[in-house]
Amino acid sequence: MSFPYLSAIIFLPAIGSIIIAFLGGNRPRLTKYLAALFTLASFILSLVIFAVFDRSAGASGAFQFEEKALWIPPLGAHYHLGMDGLNLPMVVLTAFLGFMVVLISWKENLRVREHFAWLLLLETSILGVFSSLDLLLFFVFWEIELIPMYFIIAVWGTGRRQYSAIKYVIYTLFGSAFILAGILCLYFTTGSLSMVDSSPGGRALITTAIPAAVIFFFLLIGFAVKLPVVPLHTWLPDAHTDAPTAGSVMLAGALIKMGGYGMIRVSVSLFPEVARTYAPLLVILAVITVLYGAALTLRQHDLKRMIAYSSVSHMGYVLLGVFALGEMSLTGAVLQMVSHGLLTGLLFAVAGLTIHNVHERDLRKLGGLARQIPIIAVIFFIAGFGSFGVPATSGFIAEYITFIGSFISQVVDGIQVATIVAIGGIILSAVYILWMLQRAFYGPVQEQYNSVKDANTLERFYMFAFVALIMLIGIYPSFLINIIQLGVSPIVRLLGG
């Protein structure tokens, strides 16, 4: 029997979480080292499977590193994991962020043991979502993340943390109810919970009792809440603003990507004909999400809230790429999720560090910080420039492929007009990013911040790790694009592209 790489990647953080939870006494230093050890081990294993992933075998749409065992016999539910070009980048991204948030939380001194235990459990749940090939297993992991995220916001957050945590729970449960309804309807019509067997390429859908469009929209609504899509987005700014830095990084970097991934893996893959039929409507929603999110960003004065609203706008690019339904647009959508995870994860990490050191988050009260914290300022500039697509960053190549792929798509009528309008989001993003940087780091130096400390050695390490990946993807994107295309190509064949 081959080594269960995926189970190890998923459950190493959970094992670390359990060990940390049952540590006796007050041992914050040991807790942090254990959390770093288990998340680093998971990340290294994810790099191993990325390195040995068979690029030629993946072109057929076959899953690699599969693990399958009967889980609930009466339902025919399996513990089924597998990797292809679609979920492999998301697993590596999540494992990387899992290790980074441990380092980002190194200064945490409030209920340290519980904090790191919840962080590691959160990582396990997200990794499980990206790795599952059984719908019931997918849903179980999807629901698990609700618990640690609630406590991370409610206990270690700031401002209206209880309100934001409860709002997050309500929205998540609302979306989960639709996903569960969709999964049950799919099971009733196909008799299978497998993402592979239930697809048009595996087993034909029997939709006489329950129309395919009904199941499609049940699932889509749940994923749209998580992405999020306007008007289901209002939980995100509150959760981001009031979450601790580690929670914001994980939320922006990996958790909301579950929505985009679910749309591609489940909604589009299992219902290609329905996706083609309703793609024009969803493209319009994508354009609204891009422009409305950007417009709201321009109105913000809170540093974290500004970045949070920018995430809403950038997730509109993902929705556009997904429902342009072309091979290049879908590739761009996945690449955009990876790029956004790195760029916005870094933005939240640096914003959190700035707020922690300066003790101020209102942009109207900041200014001149580039002279006082130059390293933090430089990293902030790199992340900001990447967010609005400066060449040589991951943001540029991701947005370029998404927009070009959407524009040339032959699947959706009127997609060219929608794409051109959505490109306006790039202009608006340049405006609010440059405005944010100008208000925070330029202008007269304020004397009350003269004693503010710049990034220490550990903080420089994790910031430079983010920058290295952002620049690597921006300069040499083919190593990742080639992987993504292996997962996207089988889906495009189902769409008739």
# chains A, B, ... in the order shown; residues from 1 in each chain; ligands from 1

$ closest_atom_pairs --of "range 317-389 of chain A" --to "range 258-270 of chain A" --cutoff "8 Å" --atoms "only C-alpha atoms" --output "Markdown table"
| residue | atom | partner | partner_atom | distance |
| --- | --- | --- | --- | --- |
| A:Val318 | CA | A:Gly260 | CA | 6.9 |
| A:Leu319 | CA | A:Gly260 | CA | 7.2 |
| A:Val322 | CA | A:Ile264 | CA | 6.8 |
| A:Val334 | CA | A:Tyr261 | CA | 7.8 |
| A:Met337 | CA | A:Gly260 | CA | 7.8 |

$ residues_around --residues "Leu219 in chain A" --least-positions-apart "4" --cutoff "10 Å" --atoms "only C-alpha atoms" --output "short mmCIF file (atom, residue, chain, number, x, y, z; two decimals) with N, CA and C atoms, in the first residue's frame"
data_model
loop_
_atom_site.label_atom_id
_atom_site.label_comp_id
_atom_site.auth_asym_id
_atom_site.auth_seq_id
_atom_site.Cartn_x
_atom_site.Cartn_y
_atom_site.Cartn_z
N GLY A 175 -25.72 29.29 3.85
CA GLY A 175 -25.15 28.69 2.64
C GLY A 175 -25.04 27.19 2.74
N SER A 176 -24.67 26.69 3.91
CA SER A 176 -24.52 25.24 4.10
C SER A 176 -25.85 24.51 3.94
N ALA A 177 -26.93 25.15 4.35
CA ALA A 177 -28.25 24.52 4.20
C ALA A 177 -28.56 24.28 2.73
N PHE A 178 -28.23 25.23 1.88
CA PHE A 178 -28.45 25.05 0.44
C PHE A 178 -27.53 23.97 -0.13
N ILE A 179 -26.28 23.94 0.34
CA ILE A 179 -25.36 22.91 -0.16
C ILE A 179 -25.85 21.53 0.24
N LEU A 180 -26.28 21.38 1.49
CA LEU A 180 -26.79 20.08 1.93
C LEU A 180 -28.03 19.68 1.13
N ALA A 181 -28.91 20.64 0.88
CA ALA A 181 -30.10 20.33 0.09
C ALA A 181 -29.70 19.88 -1.31
N GLY A 182 -28.72 20.54 -1.89
CA GLY A 182 -28.25 20.15 -3.22
C GLY A 182 -27.63 18.77 -3.23
N ILE A 183 -26.83 18.47 -2.21
CA ILE A 183 -26.20 17.15 -2.13
C ILE A 183 -27.25 16.05 -1.97
N LEU A 186 -29.06 15.56 -5.22
CA LEU A 186 -28.18 14.85 -6.15
C LEU A 186 -28.12 13.36 -5.81
N ALA A 213 -31.54 22.08 -12.79
CA ALA A 213 -31.35 23.49 -12.48
C ALA A 213 -31.59 23.78 -11.00
N VAL A 214 -32.53 23.08 -10.39
CA VAL A 214 -32.82 23.27 -8.96
C VAL A 214 -31.61 22.86 -8.12
N ILE A 215 -31.06 21.69 -8.43
CA ILE A 215 -29.89 21.21 -7.70
C ILE A 215 -28.72 22.15 -7.91
N PHE A 223 -22.18 28.08 -2.39
CA PHE A 223 -20.81 28.46 -2.76
C PHE A 223 -20.69 29.98 -2.93
N ALA A 224 -21.76 30.62 -3.39
CA ALA A 224 -21.74 32.07 -3.60
C ALA A 224 -21.62 32.82 -2.27
N GLY A 262 -15.65 25.13 -5.10
CA GLY A 262 -16.89 24.36 -5.14
C GLY A 262 -17.68 24.62 -6.41
N MET A 263 -17.67 25.87 -6.88
CA MET A 263 -18.38 26.18 -8.12
C MET A 263 -17.81 25.39 -9.30
N VAL A 266 -17.95 21.20 -8.34
CA VAL A 266 -19.28 20.61 -8.16
C VAL A 266 -20.29 21.19 -9.14
N SER A 267 -20.51 22.50 -9.07
CA SER A 267 -21.58 23.09 -9.87
C SER A 267 -21.34 22.94 -11.38
#

$ closest_residue --among "A:Pro13, A:Pro228, A:Gly332, A:Gly25" --to "Ser313 in chain A" --atoms "only C-alpha atoms"
A:Pro228

$ closest_residue --among "A:Ser46, A:Thr419, A:Ser17, A:Gln485" --to "Ile288 in chain A" --atoms "only C-alpha atoms"
A:Thr419

$ select_by_dssp --residues "range 54-246 of chain A" --states "alpha helix (DSSP H)" --output "tab-separated table (two decimals) with N, CA and C atoms, in the first residue's frame"
chain	number	residue	atom	x	y	z
A	55	ARG	N	2.44	14.92	-14.48
A	55	ARG	CA	1.82	15.88	-15.38
A	55	ARG	C	1.20	15.23	-16.61
A	56	SER	N	1.81	14.18	-17.12
A	56	SER	CA	1.28	13.52	-18.31
A	56	SER	C	0.02	12.73	-18.00
A	57	ALA	N	0.01	12.02	-16.86
A	57	ALA	CA	-1.17	11.23	-16.49
A	57	ALA	C	-2.35	12.13	-16.17
A	58	GLY	N	-2.05	13.32	-15.66
A	58	GLY	CA	-3.14	14.21	-15.27
A	58	GLY	C	-3.95	14.72	-16.43
A	88	LEU	N	-4.84	20.53	-6.49
A	88	LEU	CA	-3.46	20.48	-6.00
A	88	LEU	C	-2.92	21.88	-5.64
A	89	PRO	N	-3.07	22.90	-6.50
A	89	PRO	CA	-2.59	24.22	-6.10
A	89	PRO	C	-3.27	24.76	-4.85
A	90	MET	N	-4.56	24.45	-4.67
A	90	MET	CA	-5.28	24.94	-3.50
A	90	MET	C	-4.79	24.26	-2.22
A	91	VAL	N	-4.44	22.99	-2.31
A	91	VAL	CA	-3.91	22.28	-1.14
A	91	VAL	C	-2.55	22.85	-0.75
A	92	VAL	N	-1.69	23.08	-1.73
A	92	VAL	CA	-0.36	23.64	-1.43
A	92	VAL	C	-0.51	25.04	-0.84
A	93	LEU	N	-1.40	25.85	-1.42
A	93	LEU	CA	-1.64	27.19	-0.90
A	93	LEU	C	-2.11	27.15	0.55
A	94	THR	N	-3.07	26.28	0.85
A	94	THR	CA	-3.61	26.19	2.21
A	94	THR	C	-2.56	25.71	3.20
A	95	ALA	N	-1.77	24.73	2.80
A	95	ALA	CA	-0.71	24.24	3.68
A	95	ALA	C	0.33	25.31	3.95
A	96	PHE	N	0.66	26.08	2.92
A	96	PHE	CA	1.60	27.20	3.09
A	96	PHE	C	1.04	28.23	4.06
A	97	LEU	N	-0.22	28.62	3.87
A	97	LEU	CA	-0.83	29.61	4.74
A	97	LEU	C	-0.97	29.09	6.17
A	98	GLY	N	-1.24	27.79	6.30
A	98	GLY	CA	-1.34	27.21	7.63
A	98	GLY	C	-0.06	27.39	8.42
A	99	PHE	N	1.08	27.20	7.76
A	99	PHE	CA	2.37	27.39	8.43
A	99	PHE	C	2.62	28.87	8.68
A	100	MET	N	2.28	29.71	7.71
A	100	MET	CA	2.52	31.15	7.86
A	100	MET	C	1.72	31.75	9.02
A	101	VAL	N	0.45	31.34	9.19
A	101	VAL	CA	-0.35	31.96	10.25
A	101	VAL	C	0.16	31.58	11.64
A	102	VAL	N	0.82	30.43	11.74
A	102	VAL	CA	1.45	30.10	13.02
A	102	VAL	C	2.56	31.10	13.32
A	103	LEU	N	3.37	31.41	12.31
A	103	LEU	CA	4.44	32.39	12.51
A	103	LEU	C	3.88	33.79	12.75
A	104	ILE	N	2.81	34.12	12.05
A	104	ILE	CA	2.16	35.42	12.22
A	104	ILE	C	1.62	35.57	13.64
A	112	VAL	N	-3.07	31.00	24.63
A	112	VAL	CA	-2.21	30.56	23.53
A	112	VAL	C	-2.56	29.15	23.06
A	113	ARG	N	-2.75	28.25	24.00
A	113	ARG	CA	-3.00	26.85	23.64
A	113	ARG	C	-4.27	26.72	22.80
A	114	GLU	N	-5.35	27.37	23.24
A	114	GLU	CA	-6.60	27.28	22.49
A	114	GLU	C	-6.48	27.95	21.12
A	115	HIS	N	-5.77	29.06	21.07
A	115	HIS	CA	-5.63	29.79	19.81
A	115	HIS	C	-4.99	28.92	18.74
A	116	PHE	N	-3.88	28.28	19.07
A	116	PHE	CA	-3.19	27.48	18.06
A	116	PHE	C	-3.93	26.18	17.78
A	117	ALA	N	-4.62	25.64	18.76
A	117	ALA	CA	-5.41	24.43	18.52
A	117	ALA	C	-6.51	24.71	17.50
A	118	TRP	N	-7.18	25.85	17.64
A	118	TRP	CA	-8.24	26.20	16.68
A	118	TRP	C	-7.66	26.49	15.30
A	119	LEU	N	-6.51	27.17	15.24
A	119	LEU	CA	-5.90	27.45	13.95
A	119	LEU	C	-5.57	26.18	13.19
A	120	LEU	N	-5.02	25.20	13.87
A	120	LEU	CA	-4.64	23.95	13.21
A	120	LEU	C	-5.86	23.15	12.78
A	121	LEU	N	-6.91	23.17	13.59
A	121	LEU	CA	-8.15	22.48	13.19
A	121	LEU	C	-8.77	23.16	11.97
A	122	LEU	N	-8.69	24.48	11.92
A	122	LEU	CA	-9.20	25.22	10.76
A	122	LEU	C	-8.45	24.80	9.50
A	123	GLU	N	-7.14	24.66	9.59
A	123	GLU	CA	-6.36	24.25	8.43
A	123	GLU	C	-6.78	22.86	7.96
A	124	THR	N	-6.97	21.94	8.88
A	124	THR	CA	-7.40	20.58	8.52
A	124	THR	C	-8.72	20.60	7.76
A	125	SER	N	-9.67	21.39	8.24
A	125	SER	CA	-10.99	21.42	7.60
A	125	SER	C	-10.90	21.95	6.17
A	126	ILE	N	-10.11	22.99	5.95
A	126	ILE	CA	-10.00	23.55	4.60
A	126	ILE	C	-9.27	22.59	3.67
A	127	LEU	N	-8.20	21.97	4.16
A	127	LEU	CA	-7.49	20.97	3.36
A	127	LEU	C	-8.42	19.81	2.99
A	128	GLY	N	-9.29	19.43	3.92
A	128	GLY	CA	-10.23	18.34	3.65
A	128	GLY	C	-11.22	18.69	2.55
A	129	VAL	N	-11.69	19.94	2.55
A	129	VAL	CA	-12.62	20.38	1.50
A	129	VAL	C	-11.97	20.27	0.13
A	130	PHE	N	-10.73	20.73	0.02
A	130	PHE	CA	-10.06	20.73	-1.28
A	130	PHE	C	-9.67	19.32	-1.75
A	131	SER	N	-9.55	18.37	-0.83
A	131	SER	CA	-9.07	17.04	-1.18
A	131	SER	C	-10.18	16.02	-1.39
A	135	LEU	N	-19.09	13.70	-1.86
A	135	LEU	CA	-19.85	14.89	-1.51
A	135	LEU	C	-20.16	14.98	-0.02
A	136	LEU	N	-20.44	13.85	0.62
A	136	LEU	CA	-20.73	13.89	2.05
A	136	LEU	C	-19.47	14.24	2.85
A	137	LEU	N	-18.35	13.65	2.48
A	137	LEU	CA	-17.09	13.97	3.13
A	137	LEU	C	-16.74	15.44	2.90
A	138	PHE	N	-16.95	15.91	1.69
A	138	PHE	CA	-16.75	17.32	1.35
A	138	PHE	C	-17.57	18.21	2.27
A	139	PHE	N	-18.84	17.85	2.48
A	139	PHE	CA	-19.73	18.66	3.31
A	139	PHE	C	-19.32	18.63	4.77
A	140	VAL	N	-18.87	17.49	5.25
A	140	VAL	CA	-18.42	17.39	6.66
A	140	VAL	C	-17.24	18.32	6.91
A	141	PHE	N	-16.25	18.28	6.03
A	141	PHE	CA	-15.11	19.19	6.19
A	141	PHE	C	-15.55	20.64	6.05
A	142	TRP	N	-16.49	20.89	5.13
A	142	TRP	CA	-17.01	22.24	4.92
A	142	TRP	C	-17.61	22.80	6.22
A	143	GLU	N	-18.32	21.97	6.95
A	143	GLU	CA	-18.97	22.40	8.19
A	143	GLU	C	-18.00	22.52	9.35
A	144	ILE	N	-16.97	21.69	9.37
A	144	ILE	CA	-16.03	21.73	10.50
A	144	ILE	C	-15.38	23.09	10.64
A	146	LEU	N	-16.47	25.92	10.40
A	146	LEU	CA	-17.31	26.91	11.06
A	146	LEU	C	-16.93	27.07	12.53
A	147	ILE	N	-16.60	25.96	13.19
A	147	ILE	CA	-16.35	26.00	14.64
A	147	ILE	C	-15.07	26.76	14.98
A	148	PRO	N	-13.92	26.36	14.42
A	148	PRO	CA	-12.71	27.11	14.77
A	148	PRO	C	-12.75	28.57	14.34
A	149	MET	N	-13.36	28.86	13.17
A	149	MET	CA	-13.40	30.25	12.71
A	149	MET	C	-14.24	31.10	13.64
A	150	TYR	N	-15.33	30.54	14.15
A	150	TYR	CA	-16.16	31.29	15.10
A	150	TYR	C	-15.36	31.68	16.33
A	151	PHE	N	-14.66	30.72	16.92
A	151	PHE	CA	-13.92	31.01	18.15
A	151	PHE	C	-12.73	31.94	17.89
A	152	ILE	N	-12.08	31.78	16.75
A	152	ILE	CA	-10.94	32.65	16.43
A	152	ILE	C	-11.39	34.12	16.37
A	153	ILE	N	-12.55	34.37	15.75
A	153	ILE	CA	-13.06	35.74	15.67
A	153	ILE	C	-13.60	36.20	17.02
A	154	ALA	N	-14.40	35.36	17.66
A	154	ALA	CA	-15.11	35.77	18.88
A	154	ALA	C	-14.19	35.97	20.07
A	155	VAL	N	-13.13	35.19	20.18
A	155	VAL	CA	-12.26	35.25	21.36
A	155	VAL	C	-11.06	36.17	21.13
A	156	TRP	N	-10.41	36.04	19.97
A	156	TRP	CA	-9.16	36.78	19.74
A	156	TRP	C	-9.33	37.97	18.81
A	161	ARG	N	-16.38	41.88	17.80
A	161	ARG	CA	-16.00	40.52	17.43
A	161	ARG	C	-17.12	39.51	17.64
A	162	GLN	N	-17.92	39.67	18.69
A	162	GLN	CA	-19.03	38.73	18.91
A	162	GLN	C	-20.07	38.86	17.81
A	163	TYR	N	-20.39	40.09	17.46
A	163	TYR	CA	-21.35	40.33	16.38
A	163	TYR	C	-20.85	39.74	15.06
A	164	SER	N	-19.58	39.99	14.75
A	164	SER	CA	-19.02	39.52	13.48
A	164	SER	C	-18.95	38.00	13.44
A	165	ALA	N	-18.60	37.39	14.58
A	165	ALA	CA	-18.53	35.93	14.64
A	165	ALA	C	-19.90	35.29	14.44
A	166	ILE	N	-20.90	35.85	15.08
A	166	ILE	CA	-22.26	35.31	14.94
A	166	ILE	C	-22.79	35.53	13.53
A	167	LYS	N	-22.49	36.70	12.97
A	167	LYS	CA	-22.92	36.98	11.59
A	167	LYS	C	-22.27	35.99	10.63
A	168	TYR	N	-21.00	35.70	10.86
A	168	TYR	CA	-20.31	34.71	10.03
A	168	TYR	C	-20.99	33.35	10.13
A	169	VAL	N	-21.35	32.95	11.34
A	169	VAL	CA	-22.01	31.65	11.55
A	169	VAL	C	-23.35	31.62	10.84
A	170	ILE	N	-24.13	32.67	10.96
A	170	ILE	CA	-25.46	32.71	10.34
A	170	ILE	C	-25.36	32.60	8.82
A	171	TYR	N	-24.49	33.39	8.23
A	171	TYR	CA	-24.33	33.34	6.77
A	171	TYR	C	-23.80	31.97	6.33
A	172	THR	N	-22.84	31.43	7.07
A	172	THR	CA	-22.27	30.13	6.69
A	172	THR	C	-23.31	29.03	6.78
A	173	LEU	N	-24.11	29.05	7.86
A	173	LEU	CA	-25.16	28.03	8.00
A	173	LEU	C	-26.23	28.19	6.93
A	174	PHE	N	-26.52	29.44	6.55
A	174	PHE	CA	-27.48	29.68	5.46
A	174	PHE	C	-26.97	29.04	4.17
A	175	GLY	N	-25.72	29.29	3.85
A	175	GLY	CA	-25.15	28.69	2.64
A	175	GLY	C	-25.04	27.19	2.74
A	176	SER	N	-24.67	26.69	3.91
A	176	SER	CA	-24.52	25.24	4.10
A	176	SER	C	-25.85	24.51	3.94
A	177	ALA	N	-26.93	25.15	4.35
A	177	ALA	CA	-28.25	24.52	4.20
A	177	ALA	C	-28.56	24.28	2.73
A	178	PHE	N	-28.23	25.23	1.88
A	178	PHE	CA	-28.45	25.05	0.44
A	178	PHE	C	-27.53	23.97	-0.13
A	179	ILE	N	-26.28	23.94	0.34
A	179	ILE	CA	-25.36	22.91	-0.16
A	179	ILE	C	-25.85	21.53	0.24
A	180	LEU	N	-26.28	21.38	1.49
A	180	LEU	CA	-26.79	20.08	1.93
A	180	LEU	C	-28.03	19.68	1.13
A	181	ALA	N	-28.91	20.64	0.88
A	181	ALA	CA	-30.10	20.33	0.09
A	181	ALA	C	-29.70	19.88	-1.31
A	182	GLY	N	-28.72	20.54	-1.89
A	182	GLY	CA	-28.25	20.15	-3.22
A	182	GLY	C	-27.63	18.77	-3.23
A	183	ILE	N	-26.83	18.47	-2.21
A	183	ILE	CA	-26.20	17.15	-2.13
A	183	ILE	C	-27.25	16.05	-1.97
A	184	LEU	N	-28.24	16.30	-1.13
A	184	LEU	CA	-29.31	15.30	-0.94
A	184	LEU	C	-30.10	15.10	-2.22
A	185	CYS	N	-30.44	16.19	-2.90
A	185	CYS	CA	-31.17	16.06	-4.17
A	185	CYS	C	-30.34	15.28	-5.20
A	186	LEU	N	-29.06	15.56	-5.22
A	186	LEU	CA	-28.18	14.85	-6.15
A	186	LEU	C	-28.12	13.36	-5.81
A	187	TYR	N	-28.09	13.06	-4.53
A	187	TYR	CA	-28.07	11.65	-4.10
A	187	TYR	C	-29.38	10.96	-4.47
A	188	PHE	N	-30.50	11.66	-4.29
A	188	PHE	CA	-31.80	11.07	-4.62
A	188	PHE	C	-31.92	10.78	-6.11
A	189	THR	N	-31.29	11.61	-6.96
A	189	THR	CA	-31.43	11.44	-8.40
A	189	THR	C	-30.40	10.50	-9.01
A	190	THR	N	-29.25	10.34	-8.35
A	190	THR	CA	-28.19	9.50	-8.93
A	190	THR	C	-27.89	8.27	-8.09
A	212	ALA	N	-32.43	19.45	-12.84
A	212	ALA	CA	-31.01	19.70	-12.63
A	212	ALA	C	-30.75	21.15	-12.24
A	213	ALA	N	-31.54	22.08	-12.79
A	213	ALA	CA	-31.35	23.49	-12.48
A	213	ALA	C	-31.59	23.78	-11.00
A	214	VAL	N	-32.53	23.08	-10.39
A	214	VAL	CA	-32.82	23.27	-8.96
A	214	VAL	C	-31.61	22.86	-8.12
A	215	ILE	N	-31.06	21.69	-8.43
A	215	ILE	CA	-29.89	21.21	-7.70
A	215	ILE	C	-28.72	22.15	-7.91
A	216	PHE	N	-28.54	22.58	-9.16
A	216	PHE	CA	-27.45	23.48	-9.50
A	216	PHE	C	-27.50	24.75	-8.65
A	217	PHE	N	-28.67	25.36	-8.54
A	217	PHE	CA	-28.77	26.61	-7.81
A	217	PHE	C	-28.71	26.41	-6.30
A	218	PHE	N	-29.19	25.27	-5.81
A	218	PHE	CA	-28.99	24.97	-4.38
A	218	PHE	C	-27.49	25.01	-4.05
A	219	LEU	N	-26.73	24.30	-4.84
A	219	LEU	CA	-25.28	24.24	-4.60
A	219	LEU	C	-24.63	25.59	-4.84
A	220	LEU	N	-25.05	26.26	-5.90
A	220	LEU	CA	-24.41	27.52	-6.27
A	220	LEU	C	-24.62	28.60	-5.20
A	221	ILE	N	-25.80	28.66	-4.62
A	221	ILE	CA	-26.07	29.67	-3.59
A	221	ILE	C	-25.14	29.47	-2.40
A	222	GLY	N	-24.97	28.22	-2.00
A	222	GLY	CA	-24.07	27.94	-0.88
A	222	GLY	C	-22.64	28.35	-1.18
A	223	PHE	N	-22.18	28.08	-2.39
A	223	PHE	CA	-20.81	28.46	-2.76
A	223	PHE	C	-20.69	29.98	-2.93
A	224	ALA	N	-21.76	30.62	-3.39
A	224	ALA	CA	-21.74	32.07	-3.60
A	224	ALA	C	-21.62	32.82	-2.27
A	225	VAL	N	-22.22	32.27	-1.22
A	225	VAL	CA	-22.08	32.88	0.11
A	225	VAL	C	-20.63	32.87	0.54
A	226	LYS	N	-19.95	31.79	0.30
A	226	LYS	CA	-18.57	31.64	0.78
A	226	LYS	C	-17.60	32.44	-0.08
A	235	TRP	N	-21.16	39.56	5.21
A	235	TRP	CA	-20.47	38.96	6.36
A	235	TRP	C	-18.97	39.16	6.28
A	236	LEU	N	-18.43	39.25	5.06
A	236	LEU	CA	-16.98	39.21	4.89
A	236	LEU	C	-16.26	40.44	5.46
A	237	PRO	N	-16.68	41.67	5.16
A	237	PRO	CA	-15.97	42.82	5.73
A	237	PRO	C	-15.96	42.81	7.26
A	238	ASP	N	-17.08	42.45	7.88
A	238	ASP	CA	-17.13	42.41	9.33
A	238	ASP	C	-16.20	41.34	9.89
A	239	ALA	N	-16.22	40.16	9.28
A	239	ALA	CA	-15.36	39.07	9.76
A	239	ALA	C	-13.89	39.43	9.61
A	240	HIS	N	-13.52	39.99	8.46
A	240	HIS	CA	-12.14	40.39	8.22
A	240	HIS	C	-11.70	41.48	9.19
A	241	THR	N	-12.54	42.48	9.36
A	241	THR	CA	-12.18	43.64	10.16
A	241	THR	C	-11.96	43.27	11.62
A	242	ASP	N	-12.80	42.40	12.16
A	242	ASP	CA	-12.75	42.10	13.58
A	242	ASP	C	-11.97	40.84	13.93
A	245	THR	N	-5.25	38.89	13.15
A	245	THR	CA	-4.51	38.86	11.88
A	245	THR	C	-4.44	37.46	11.28
A	246	ALA	N	-4.14	36.47	12.10
A	246	ALA	CA	-4.05	35.09	11.59
A	246	ALA	C	-5.39	34.64	11.00

$ atom_distance --atom1 "CA of Ser409 in chain A" --atom2 "CA of Gly326 in chain A"
5.2 Å

$ residues_around --residues "Ala77 in chain A" --least-positions-apart "2" --cutoff "8 Å" --atoms "only C-alpha atoms" --output "list in words"
Leu70, Trp71, Ile72, Pro73, Pro74, Leu75, Tyr79, Asp134, Leu136, Leu137, Ser192, Leu193 and Ser194 of chain A

$ write_last_selection --atoms "N, CA and C atoms" --output "PDB file, in the first residue's frame"
ATOM      1  N   LEU A  70     -14.747   2.496   2.118  1.00  0.00           N
ATOM      2  CA  LEU A  70     -16.163   2.634   2.434  1.00  0.00           C
ATOM      3  C   LEU A  70     -16.312   3.236   3.821  1.00  0.00           C
ATOM      4  N   TRP A  71     -17.098   4.282   3.914  1.00  0.00           N
ATOM      5  CA  TRP A  71     -17.220   5.037   5.169  1.00  0.00           C
ATOM      6  C   TRP A  71     -18.569   4.770   5.834  1.00  0.00           C
ATOM      7  N   ILE A  72     -19.673   5.012   5.119  1.00  0.00           N
ATOM      8  CA  ILE A  72     -21.015   4.764   5.650  1.00  0.00           C
ATOM      9  C   ILE A  72     -21.733   3.858   4.661  1.00  0.00           C
ATOM     10  N   PRO A  73     -21.691   2.546   4.875  1.00  0.00           N
ATOM     11  CA  PRO A  73     -22.235   1.586   3.899  1.00  0.00           C
ATOM     12  C   PRO A  73     -23.677   1.838   3.463  1.00  0.00           C
ATOM     13  N   PRO A  74     -24.623   2.138   4.384  1.00  0.00           N
ATOM     14  CA  PRO A  74     -26.005   2.326   3.917  1.00  0.00           C
ATOM     15  C   PRO A  74     -26.173   3.444   2.901  1.00  0.00           C
ATOM     16  N   LEU A  75     -25.318   4.451   2.977  1.00  0.00           N
ATOM     17  CA  LEU A  75     -25.412   5.576   2.045  1.00  0.00           C
ATOM     18  C   LEU A  75     -24.474   5.430   0.854  1.00  0.00           C
ATOM     19  N   TYR A  79     -14.791   7.424   2.174  1.00  0.00           N
ATOM     20  CA  TYR A  79     -13.674   8.315   2.499  1.00  0.00           C
ATOM     21  C   TYR A  79     -12.802   8.316   1.248  1.00  0.00           C
ATOM     22  N   ASP A 134     -15.784  12.792  -2.326  1.00  0.00           N
ATOM     23  CA  ASP A 134     -17.099  12.311  -1.927  1.00  0.00           C
ATOM     24  C   ASP A 134     -17.875  13.506  -1.394  1.00  0.00           C
ATOM     25  N   LEU A 136     -20.444  13.847   0.620  1.00  0.00           N
ATOM     26  CA  LEU A 136     -20.732  13.889   2.051  1.00  0.00           C
ATOM     27  C   LEU A 136     -19.471  14.239   2.847  1.00  0.00           C
ATOM     28  N   LEU A 137     -18.351  13.649   2.475  1.00  0.00           N
ATOM     29  CA  LEU A 137     -17.086  13.973   3.130  1.00  0.00           C
ATOM     30  C   LEU A 137     -16.744  15.444   2.902  1.00  0.00           C
ATOM     31  N   SER A 192     -25.695   8.250  -5.857  1.00  0.00           N
ATOM     32  CA  SER A 192     -24.255   8.278  -5.604  1.00  0.00           C
ATOM     33  C   SER A 192     -23.872   9.588  -4.939  1.00  0.00           C
ATOM     34  N   LEU A 193     -22.846   9.528  -4.073  1.00  0.00           N
ATOM     35  CA  LEU A 193     -22.279  10.711  -3.445  1.00  0.00           C
ATOM     36  C   LEU A 193     -20.902  11.042  -3.997  1.00  0.00           C
ATOM     37  N   SER A 194     -20.496  10.304  -5.005  1.00  0.00           N
ATOM     38  CA  SER A 194     -19.170  10.518  -5.571  1.00  0.00           C
ATOM     39  C   SER A 194     -19.170  11.684  -6.547  1.00  0.00           C
TER      40      SER A 194
END

$ atom_distance --atom1 "CA of Phe53 in chain A" --atom2 "CA of Leu469 in chain A"
19.3 Å

$ atom_distance --atom1 "CA of Leu37 in chain A" --atom2 "CA of Phe22 in chain A"
16.6 Å

$ residues_around --residues "Gly389 in chain A" --least-positions-apart "6" --cutoff "10 Å" --atoms "only C-alpha atoms" --output "MDAnalysis selection string"
chainID A and resid 383 395:400 426:427 429:430 474

$ residues_around --residues "Val290 in chain A" --least-positions-apart "3" --cutoff "8 Å" --atoms "only C-alpha atoms" --output "PyMOL selection string"
chain A and resi 286-287+293-294+312-317+422+425

$ residues_around --residues "Glu67 in chain A" --least-positions-apart "3" --cutoff "8 Å" --atoms "only C-alpha atoms" --output "count of residues only"
6
